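The next block is protein.cif, given as mmCIF, C-alpha atoms.
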```cif
data_query
#
loop_
_atom_site.label_atom_id
_atom_site.label_comp_id
_atom_site.auth_asym_id
_atom_site.auth_seq_id
_atom_site.Cartn_x
_atom_site.Cartn_y
_atom_site.Cartn_z
CA MET E 47 -49.55 9.98 -9.67
CA SER E 48 -47.46 12.28 -7.51
CA ALA E 49 -45.86 9.23 -5.89
CA ALA E 50 -44.88 7.95 -9.32
CA LEU E 51 -43.36 11.32 -10.19
CA ALA E 52 -41.36 11.34 -6.99
CA LEU E 53 -40.05 7.85 -7.71
CA ALA E 54 -39.19 8.79 -11.27
CA ALA E 55 -37.28 11.85 -10.06
CA LEU E 56 -35.29 9.63 -7.73
CA PHE E 57 -34.39 7.26 -10.58
CA ILE E 58 -33.18 10.12 -12.73
CA ALA E 59 -31.27 11.76 -9.91
CA LEU E 60 -29.46 8.64 -8.70
CA PRO E 61 -26.82 8.39 -11.44
CA ALA E 62 -26.05 12.08 -11.09
CA LEU E 63 -25.53 11.71 -7.34
CA GLY E 64 -22.65 9.29 -7.83
CA GLY E 65 -20.21 11.08 -10.11
CA VAL E 66 -17.08 9.60 -8.55
CA ALA E 67 -16.19 6.09 -7.44
CA GLN E 68 -13.22 4.87 -5.46
CA VAL E 69 -11.50 1.86 -7.01
CA LYS E 70 -8.74 -0.41 -5.79
CA LEU E 71 -5.76 -1.31 -7.94
CA LYS E 72 -3.01 -3.82 -7.40
CA LEU E 73 0.26 -2.23 -8.33
CA PRO E 74 3.35 -4.31 -8.91
CA LEU E 75 6.39 -3.60 -6.81
CA LYS E 76 9.59 -4.83 -8.41
CA PRO E 77 12.24 -6.33 -6.14
CA ARG E 78 14.66 -3.79 -4.73
CA LEU E 79 17.63 -6.06 -5.39
CA PRO E 80 18.58 -7.09 -8.92
CA LEU E 81 18.62 -10.84 -8.25
CA ARG E 82 18.18 -13.95 -10.38
CA GLY E 83 15.91 -15.22 -7.64
CA ASN E 84 17.63 -18.46 -6.62
CA GLU E 85 20.77 -17.08 -4.96
CA LYS E 86 22.24 -18.46 -1.77
CA ILE E 87 21.54 -16.03 1.06
CA ALA E 88 23.07 -15.85 4.53
CA LEU E 89 21.15 -14.23 7.38
CA ALA E 90 23.82 -12.78 9.66
CA PRO E 91 22.98 -11.43 13.12
CA PHE E 92 21.65 -7.89 13.45
CA ILE E 93 22.91 -5.24 15.84
CA LEU E 94 20.38 -4.89 18.67
CA ALA E 95 19.68 -1.26 19.30
CA THR E 96 17.46 -2.02 22.32
CA GLU E 97 20.06 -3.63 24.58
CA ALA E 98 20.48 -0.62 26.88
CA GLU E 99 16.75 -0.13 27.12
CA LYS E 100 16.19 -3.83 27.74
CA ALA E 101 18.03 -3.58 31.04
CA ARG E 102 15.57 -0.91 32.16
CA ASP E 103 12.37 -2.43 30.76
CA ARG E 104 11.50 -5.81 32.23
CA ARG E 105 8.96 -6.57 29.52
CA LEU E 106 11.69 -6.55 26.86
CA GLN E 107 13.64 -9.17 28.76
CA ASN E 108 10.96 -11.70 27.83
CA VAL E 109 11.65 -11.24 24.12
CA ASP E 110 14.68 -12.76 22.40
CA LEU E 111 14.56 -10.24 19.60
CA GLN E 112 17.51 -11.63 17.64
CA ALA E 113 16.19 -15.20 17.63
CA GLU E 114 12.58 -14.24 16.93
CA PHE E 115 13.52 -11.95 14.06
CA GLN E 116 15.95 -14.43 12.50
CA ARG E 117 13.33 -17.18 12.70
CA PHE E 118 10.68 -14.92 11.14
CA LEU E 119 12.99 -13.77 8.35
CA LYS E 120 14.22 -17.27 7.51
CA LYS E 121 10.68 -18.63 7.44
CA GLN E 122 9.39 -15.84 5.19
CA ILE E 123 12.31 -16.11 2.77
CA GLU E 124 12.00 -19.88 2.53
CA LYS E 125 8.24 -19.73 2.11
CA LYS E 126 7.84 -16.79 -0.26
CA THR E 127 11.02 -16.66 -2.33
CA ARG E 128 13.21 -19.13 -4.22
CA LEU E 129 16.34 -18.01 -2.36
CA GLU E 130 18.34 -20.69 -0.60
CA VAL E 131 19.12 -19.82 3.01
CA VAL E 132 22.58 -21.07 3.98
CA GLU E 133 23.43 -21.93 7.56
CA LEU E 134 25.92 -19.76 9.43
CA PRO E 135 28.09 -20.75 12.40
CA THR E 136 25.96 -20.42 15.54
CA ASP E 137 28.70 -18.49 17.34
CA LEU E 138 29.12 -15.94 14.56
CA LYS E 139 30.05 -12.52 15.96
CA LEU E 140 29.59 -9.25 14.11
CA PRO E 141 32.80 -7.27 13.51
CA THR E 142 31.31 -4.19 15.19
CA GLN E 143 28.21 -2.92 16.99
CA ASN E 144 28.26 0.32 15.04
CA LEU E 145 25.90 0.37 12.05
CA SER E 146 28.03 2.64 9.85
CA GLU E 147 31.13 0.55 10.48
CA LEU E 148 29.13 -2.61 9.81
CA GLY E 149 28.29 -1.31 6.35
CA ARG E 150 31.95 -0.62 5.67
CA SER E 151 33.30 -3.99 6.87
CA SER E 152 33.57 -5.38 3.35
CA GLU E 153 36.51 -7.67 4.18
CA TYR E 154 34.47 -9.38 6.90
CA TRP E 155 31.48 -9.90 4.59
CA ARG E 156 33.64 -11.12 1.72
CA ALA E 157 35.26 -13.70 4.03
CA LEU E 158 31.85 -14.80 5.33
CA GLY E 159 30.59 -15.17 1.76
CA ALA E 160 33.62 -17.26 0.80
CA GLN E 161 33.29 -19.44 3.92
CA THR E 162 29.58 -20.20 3.50
CA GLY E 163 29.12 -19.95 -0.26
CA ALA E 164 26.51 -17.22 0.25
CA GLU E 165 26.07 -14.91 -2.73
CA ILE E 166 24.28 -12.31 -0.64
CA VAL E 167 24.48 -11.63 3.07
CA VAL E 168 21.91 -9.74 5.12
CA SER E 169 22.56 -7.87 8.34
CA GLY E 170 21.69 -4.50 9.88
CA SER E 171 20.14 -3.33 13.11
CA LEU E 172 16.95 -3.98 15.06
CA GLU E 173 15.13 -1.86 17.55
CA PHE E 174 12.01 -2.90 19.43
CA ARG E 175 10.43 -0.69 22.07
CA VAL E 176 7.36 -1.06 24.21
CA GLU E 177 5.84 2.26 25.19
CA ASP E 178 3.14 3.00 27.71
CA ARG E 179 0.98 5.70 26.30
CA SER E 180 -1.45 5.84 29.20
CA GLY E 181 -2.87 9.14 30.33
CA TYR E 182 -5.91 11.35 30.54
CA LYS E 183 -7.84 12.14 27.38
CA THR E 184 -10.72 14.53 26.81
CA GLU E 185 -13.90 12.75 25.79
CA GLU E 186 -17.29 14.03 24.63
CA TYR E 187 -20.13 12.99 26.91
CA VAL E 188 -23.88 13.44 26.38
CA SER E 189 -25.73 13.64 29.65
CA PRO E 190 -28.68 11.24 29.87
CA ILE E 191 -30.32 13.68 32.29
CA ASP E 192 -30.39 16.93 30.31
CA GLY E 193 -29.21 15.67 26.89
CA ARG E 194 -26.46 18.28 26.73
CA THR E 195 -22.91 17.61 25.61
CA TYR E 196 -20.14 17.90 28.17
CA TYR E 197 -16.43 17.15 28.10
CA ARG E 198 -14.83 14.89 30.65
CA GLN E 199 -11.35 13.59 31.38
CA VAL E 200 -10.97 9.82 31.12
CA TYR E 201 -7.96 7.70 31.94
CA VAL E 202 -6.90 5.60 28.93
CA GLU E 203 -4.42 2.77 29.10
CA GLN E 204 -2.58 2.01 25.87
CA THR E 205 0.58 0.21 24.86
CA GLY E 206 2.59 1.09 21.80
CA PHE E 207 5.00 -1.27 20.02
CA LEU E 208 7.68 0.32 17.91
CA PHE E 209 9.81 -1.74 15.55
CA ASP E 210 12.63 -0.26 13.53
CA ILE E 211 14.80 -2.34 11.17
CA VAL E 212 17.77 -1.24 9.14
CA PHE E 213 18.58 -3.78 6.46
CA ILE E 214 22.02 -3.91 4.91
CA VAL E 215 22.57 -6.32 2.07
CA PHE E 216 26.11 -7.28 1.08
CA ASP E 217 27.52 -8.94 -2.01
CA GLY E 218 28.95 -12.27 -0.82
CA HIS E 219 31.71 -12.18 -3.46
CA SER E 220 33.05 -8.65 -3.02
CA GLY E 221 31.77 -7.92 0.50
CA GLU E 222 30.50 -4.55 -0.72
CA LYS E 223 27.23 -3.09 0.51
CA ILE E 224 24.65 -3.29 -2.27
CA LEU E 225 21.61 -1.93 -0.47
CA GLN E 226 20.62 -0.28 2.79
CA ASP E 227 17.03 0.43 3.77
CA GLN E 228 15.05 1.20 6.88
CA PHE E 229 11.54 0.02 7.80
CA LYS E 230 9.51 1.25 10.75
CA ASP E 231 6.22 0.20 12.20
CA PHE E 232 4.22 1.42 15.15
CA ARG E 233 1.19 -0.42 16.58
CA GLN E 234 -0.98 0.72 19.42
CA THR E 235 -3.23 -1.53 21.50
CA GLY E 236 -5.69 -0.85 24.28
CA GLY E 237 -4.70 -1.85 27.81
CA ARG E 238 -1.39 -1.51 29.53
CA ARG E 239 -0.56 -5.20 29.85
CA ALA E 240 -0.49 -6.00 26.12
CA ASP E 241 1.75 -8.93 25.26
CA GLU E 242 5.20 -7.95 24.00
CA LEU E 243 5.70 -10.96 21.75
CA GLN E 244 2.31 -10.47 20.14
CA GLY E 245 3.17 -6.80 19.61
CA LEU E 246 6.48 -7.75 18.02
CA PHE E 247 4.79 -10.09 15.55
CA GLU E 248 2.13 -7.54 14.69
CA ASN E 249 4.98 -5.19 13.79
CA LEU E 250 6.75 -7.87 11.78
CA PHE E 251 3.71 -9.00 9.82
CA SER E 252 2.88 -5.44 8.88
CA LEU E 253 6.44 -5.03 7.55
CA GLU E 254 6.47 -8.42 5.82
CA ASN E 255 5.58 -7.06 2.38
CA GLN E 256 8.28 -4.40 2.48
CA ILE E 257 10.90 -6.83 3.73
CA LEU E 258 10.14 -9.45 1.09
CA ASN E 259 10.05 -6.77 -1.60
CA LEU E 260 13.81 -6.44 -1.12
CA PHE E 261 14.16 -9.87 -2.71
CA VAL E 262 11.03 -10.60 -4.77
CA ALA E 263 8.25 -8.77 -6.60
CA ARG E 264 5.20 -7.97 -4.49
CA ASP E 265 1.84 -6.30 -5.00
CA ARG E 266 0.68 -3.13 -3.34
CA GLU E 267 -2.95 -2.15 -3.08
CA ALA E 268 -3.70 1.42 -4.09
CA GLU E 269 -6.84 3.52 -4.20
CA ARG E 270 -7.80 5.86 -7.03
CA TYR E 271 -10.87 7.81 -8.11
CA ILE E 272 -12.71 7.40 -11.39
CA PHE E 273 -15.55 9.48 -12.70
CA THR E 274 -18.70 7.54 -13.41
CA ASP E 275 -20.49 9.97 -15.71
CA MET Y 166 -55.81 1.88 -10.75
CA GLY Y 167 -53.55 4.63 -9.38
CA LEU Y 168 -50.93 2.04 -8.58
CA LYS Y 169 -51.03 0.64 -12.14
CA LYS Y 170 -50.48 4.12 -13.58
CA SER Y 171 -47.58 4.72 -11.22
CA ALA Y 172 -45.93 1.44 -12.18
CA LEU Y 173 -46.41 2.20 -15.87
CA ALA Y 174 -44.90 5.67 -15.50
CA LEU Y 175 -41.95 4.31 -13.55
CA GLY Y 176 -41.36 1.57 -16.13
CA LEU Y 177 -41.35 4.13 -18.91
CA VAL Y 178 -38.81 6.26 -17.08
CA VAL Y 179 -36.51 3.31 -16.45
CA ILE Y 180 -36.67 2.12 -20.07
CA THR Y 181 -36.13 5.63 -21.40
CA THR Y 182 -33.14 6.21 -19.11
CA ALA Y 183 -31.54 2.86 -19.91
CA CYS Y 184 -32.03 3.12 -23.64
CA GLY Y 185 -30.91 6.72 -23.63
CA SER Y 186 -27.68 6.02 -21.83
CA TYR Y 187 -26.39 2.91 -23.60
CA ALA Y 188 -27.70 3.55 -27.09
CA ARG Y 189 -25.64 6.74 -27.58
CA THR Y 190 -22.25 5.06 -27.78
CA ASP Y 191 -20.98 7.96 -29.86
CA LYS Y 192 -20.98 10.11 -26.74
CA ALA Y 193 -17.97 10.38 -24.46
CA GLU Y 194 -20.13 10.27 -21.35
CA THR Y 195 -21.63 6.94 -22.44
CA GLN Y 196 -18.15 5.48 -22.81
CA ILE Y 197 -17.15 6.89 -19.42
CA SER Y 198 -20.24 5.47 -17.80
CA PHE Y 199 -19.75 2.02 -19.31
CA GLY Y 200 -16.00 2.10 -18.73
CA SER Y 201 -16.44 2.98 -15.07
CA SER Y 202 -18.93 0.16 -14.56
CA VAL Y 203 -16.52 -2.44 -15.98
CA ALA Y 204 -13.61 -0.84 -14.09
CA ARG Y 205 -15.44 -1.40 -10.84
CA LYS Y 206 -15.61 -5.08 -11.74
CA GLY Y 207 -11.83 -5.11 -12.26
CA LEU Y 208 -12.00 -5.40 -16.07
CA TRP Y 209 -9.31 -2.82 -16.61
CA ARG Y 210 -8.41 -3.61 -20.25
CA GLU Y 211 -12.00 -3.12 -21.34
CA ALA Y 212 -12.24 0.00 -19.18
CA ALA Y 213 -9.07 1.42 -20.77
CA PHE Y 214 -10.55 0.77 -24.22
CA ARG Y 215 -13.77 2.62 -23.28
CA PHE Y 216 -11.95 5.55 -21.70
CA GLN Y 217 -9.65 5.76 -24.75
CA LYS Y 218 -12.79 6.07 -26.92
CA ALA Y 219 -14.08 8.81 -24.61
CA VAL Y 220 -10.79 10.70 -24.94
CA GLU Y 221 -10.91 10.39 -28.73
CA LYS Y 222 -14.44 11.77 -28.79
CA GLU Y 223 -13.72 14.57 -26.33
CA PRO Y 224 -10.00 15.32 -26.14
CA GLN Y 225 -10.65 18.24 -23.77
CA ASN Y 226 -12.53 16.10 -21.23
CA ALA Y 227 -10.36 15.98 -18.09
CA ARG Y 228 -12.51 13.25 -16.52
CA ALA Y 229 -11.97 10.95 -19.49
CA HIS Y 230 -8.19 11.49 -19.31
CA ASN Y 231 -8.22 10.81 -15.55
CA ASN Y 232 -10.16 7.58 -15.97
CA LEU Y 233 -7.92 6.46 -18.81
CA ALA Y 234 -4.88 7.16 -16.62
CA VAL Y 235 -6.29 5.01 -13.80
CA ALA Y 236 -7.12 2.16 -16.20
CA LEU Y 237 -3.64 2.31 -17.75
CA GLU Y 238 -2.06 2.34 -14.30
CA ALA Y 239 -4.10 -0.71 -13.31
CA SER Y 240 -2.93 -2.42 -16.51
CA GLY Y 241 0.72 -1.68 -15.72
CA GLU Y 242 1.20 0.91 -18.48
CA PHE Y 243 2.72 3.48 -16.19
CA ALA Y 244 4.42 5.80 -18.68
CA ARG Y 245 1.16 6.24 -20.61
CA ALA Y 246 -0.74 6.64 -17.34
CA LEU Y 247 1.62 9.45 -16.35
CA ALA Y 248 0.96 11.28 -19.63
CA GLU Y 249 -2.81 10.92 -19.16
CA TYR Y 250 -2.73 12.12 -15.54
CA LYS Y 251 -0.73 15.15 -16.66
CA LYS Y 252 -3.19 15.89 -19.42
CA ALA Y 253 -6.15 15.58 -17.02
CA LEU Y 254 -4.48 17.94 -14.58
CA GLU Y 255 -3.63 20.39 -17.34
CA LEU Y 256 -7.28 20.47 -18.44
CA ASP Y 257 -8.71 20.76 -14.93
CA PRO Y 258 -6.03 21.75 -12.42
CA ASN Y 259 -8.57 22.44 -9.65
CA ASP Y 260 -10.28 19.07 -9.53
CA SER Y 261 -9.43 17.56 -6.15
CA TYR Y 262 -9.93 13.94 -7.29
CA ILE Y 263 -7.60 14.32 -10.26
CA ARG Y 264 -5.03 16.04 -8.05
CA ARG Y 265 -5.23 13.30 -5.43
CA ASN Y 266 -4.91 10.57 -8.05
CA TYR Y 267 -1.92 12.26 -9.62
CA ALA Y 268 -0.19 12.80 -6.27
CA ARG Y 269 -0.60 9.15 -5.30
CA PHE Y 270 0.47 7.93 -8.72
CA ALA Y 271 3.52 10.22 -8.69
CA GLU Y 272 4.56 8.79 -5.32
CA PHE Y 273 4.24 5.24 -6.60
CA TYR Y 274 5.84 5.95 -9.96
CA THR Y 275 8.83 7.72 -8.44
CA SER Y 276 9.56 4.77 -6.19
CA TYR Y 277 8.90 2.33 -9.04
CA THR Y 278 11.32 4.01 -11.43
CA ARG Y 279 13.88 4.46 -8.64
CA THR Y 280 13.68 0.73 -7.90
CA THR Y 281 13.84 -0.43 -11.48
CA GLY Y 282 16.28 2.28 -12.54
CA LYS Y 283 14.30 3.17 -15.65
CA ALA Y 284 11.40 5.34 -16.64
CA ALA Y 285 9.49 2.29 -17.74
CA GLY Y 286 7.42 2.51 -20.85
CA GLY Y 287 5.29 -0.39 -19.83
CA THR Y 288 5.46 -2.85 -17.01
#
```
Any chance you could put this one into structure tokens?
Amino acid sequence: MSAALALAALFIALPALGGVAQVKLKLPLKPRLPLRGNEKIALAPFILATEAEKARDRRLQNVDLQAEFQRFLKKQIEKKTRLEVVELPTDLKLPTQNLSELGRSSEYWRALGAQTGAEIVVSGSLEFRVEDRSGYKTEEYVSPIDGRTYYRQVYVEQTGFLFDIVFIVFDGHSGEKILQDQFKDFRQTGGRRADELQGLFENLFSLENQILNLFVARDREAERYIFTD
Amino acid sequence: MGLKKSALALGLVVITTACGSYARTDKAETQISFGSSVARKGLWREAAFRFQKAVEKEPQNARAHNNLAVALEASGEFARALAEYKKALELDPNDSYIRRNYARFAEFYTSYTRTTGKAAGGT
């Protein structure tokens, strides 16, 4: 009978143990730009903020950041929005390599809009860095001999990929800047010889939602707590 | 024989608990309990209805206001959710779960209203 009482106590106690539950919600994120949705968009080149570093870091020389980013952006926009990407001259040069001046070059953007028929034009700056974060770290260690806990120094090899984008969106008719935003992502992988291109795309895919949210509505997952009793 | 008695006793406890909890629909805690179970299945409209009932029965119940706020947020009724989070916090300012929920909602809602340029009443 005592076993039955113990079981009964457990049944009664169980609901009281809970009390709080974590739930996931999908929250809508409205597009950052007030668009109809089917505008013609031109993807102009971005200023590369890594050029000086590229000369020093051989691993960056393997990555054509401009081409990879443009290809990624075009593919995502074509796949996940109704915007029409218009082609730009392949030899298109930016009016400046200074980000602030780029945002103020309204005459240049207006002319580009008129030339291509683009209603909005996207440009900005890109930075991609590969960082070695190798070094000694303190680790807990339980000795199999005496069972006691010790601390030891271990050498850990890690590679970090940092991606930083500044988006500037221009009105193709007036050439005026209508939005500027910055997105950053940092990924860390084990091992020193992690692939740069893979790191770049890990950065890009993690920023995909934020980038697309400039143009179209997206969902964001959020966690909240509810009381259960 | 002992085993039979144990099973009988356990069965009685289960039936009593189940009947006791879902039969008293006039109680706020029953509505909260049912509402939270449907919320966990993603049925947010039904959950909001249950939590609303709980709030009507016990207007001073911070937990009911918190749950209603979450259900309204999940249903896209952000302005009402904000009012319910505020009420929950006013009733129980020291509850860490309510505070965390409110902080996260405030972050989202600020960016949402900044993006849309309006303190949206609904979606």
Kindly provide the residues of chain E that approach chain Y to within 7 Å, each paired with its closest atom pair and their distance in Å to one decimal, based on all atoms listed in the file, listed by chain and increasing number, as JSON lines.
```
{"residue": "E:Met47", "atom": "CA", "partner": "Y:Ser171", "partner_atom": "CA", "distance": 5.8}
{"residue": "E:Ala50", "atom": "CA", "partner": "Y:Ser171", "partner_atom": "CA", "distance": 4.6}
{"residue": "E:Ala54", "atom": "CA", "partner": "Y:Leu175", "partner_atom": "CA", "distance": 5.7}
{"residue": "E:Val69", "atom": "CA", "partner": "Y:Arg205", "partner_atom": "CA", "distance": 6.4}
{"residue": "E:Leu71", "atom": "CA", "partner": "Y:Ala239", "partner_atom": "CA", "distance": 5.7}
{"residue": "E:Lys72", "atom": "CA", "partner": "Y:Ala239", "partner_atom": "CA", "distance": 6.8}
{"residue": "E:Leu73", "atom": "CA", "partner": "Y:Ala239", "partner_atom": "CA", "distance": 6.8}
{"residue": "E:Leu75", "atom": "CA", "partner": "Y:Tyr277", "partner_atom": "CA", "distance": 6.8}
{"residue": "E:Lys76", "atom": "CA", "partner": "Y:Thr281", "partner_atom": "CA", "distance": 6.8}
{"residue": "E:Arg78", "atom": "CA", "partner": "Y:Thr280", "partner_atom": "CA", "distance": 5.6}
{"residue": "E:Arg270", "atom": "CA", "partner": "Y:Asn266", "partner_atom": "CA", "distance": 5.6}
{"residue": "E:Tyr271", "atom": "CA", "partner": "Y:Tyr262", "partner_atom": "CA", "distance": 6.3}
{"residue": "E:Ile272", "atom": "CA", "partner": "Y:Asn232", "partner_atom": "CA", "distance": 5.2}
{"residue": "E:Phe273", "atom": "CA", "partner": "Y:Arg228", "partner_atom": "CA", "distance": 6.2}
{"residue": "E:Thr274", "atom": "CA", "partner": "Y:Ser198", "partner_atom": "CA", "distance": 5.1}
{"residue": "E:Asp275", "atom": "CA", "partner": "Y:Ser198", "partner_atom": "CA", "distance": 5.0}
```
*Resolved residues for the PyMOL selection byres ((chain E and resi 130) around 10) as an MDAnalysis selection string*: chainID E and resid 83:88 120 123:124 127:129 131:133 164:165
*Would you work out the distance separating atom CA of E:Val200 from atom CA of E:Asp241, expressed in Å to one decimal?*
23.4 Å
*Check what the PyMOL selection byres ((chain E and resi 112) around 8) selects in the file above and give those residues as number ranges by chain.*
E: 91-92, 94, 110-111, 113-116
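Between atom CA of Y:Glu211 and atom CA of Y:Glu223 there is a distance of 18.5 Å.
Run against this file, the PyMOL selection byres ((chain E and resi 249-261) around 7) gives back Pro77, Arg78, Leu79, Phe209, Asp231, Phe232, Arg233, Gly245, Leu246, Phe247, Glu248, Val262, Ala263 and Arg264 of chain E.
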What box, with edges along x, y and z, holds each listed atom of stretch 246-263 of chain Y when 4 Å is added on every side, and can you state its centre and edge lengths in Å to one decimal, as AutoDock Vina command-line options?
```
--center_x -4.3 --center_y 14.5 --center_z -12.9 --size_x 19.9 --size_y 23.8 --size_z 21.5
```
_Distance query E:Gly181 at most 10 Å, only C-alpha atoms, self and fewer than 5 positions along chain excluded, as a count of residues only_ = 6
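Between E:Glu222 and the residues E:Pro141, E:Gly65, E:Gly149, E:Pro80, the shortest atom-to-atom distance, using only C-alpha atoms, involves E:Gly149.
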_Residue nearest E:Arg266 among E:Phe216, E:Pro74, E:Ala67, E:Asp178 (counting all atoms listed in the file)_ = E:Pro74
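Nearest to Y:Val203 of all the residues Y:Glu221, Y:Phe216, Y:Asp191, Y:Asp260 is Y:Phe216, based on all atoms listed in the file.
One finds atom CA of E:Gly221 at 9.5 Å from atom CA of E:Ala160.
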_Which residues are near E:Phe229? Cut-off 7 Å, only C-alpha atoms, ignore same chain within fewer than 4 positions. Put them as a ChimeraX atom specification._
/E:210-212
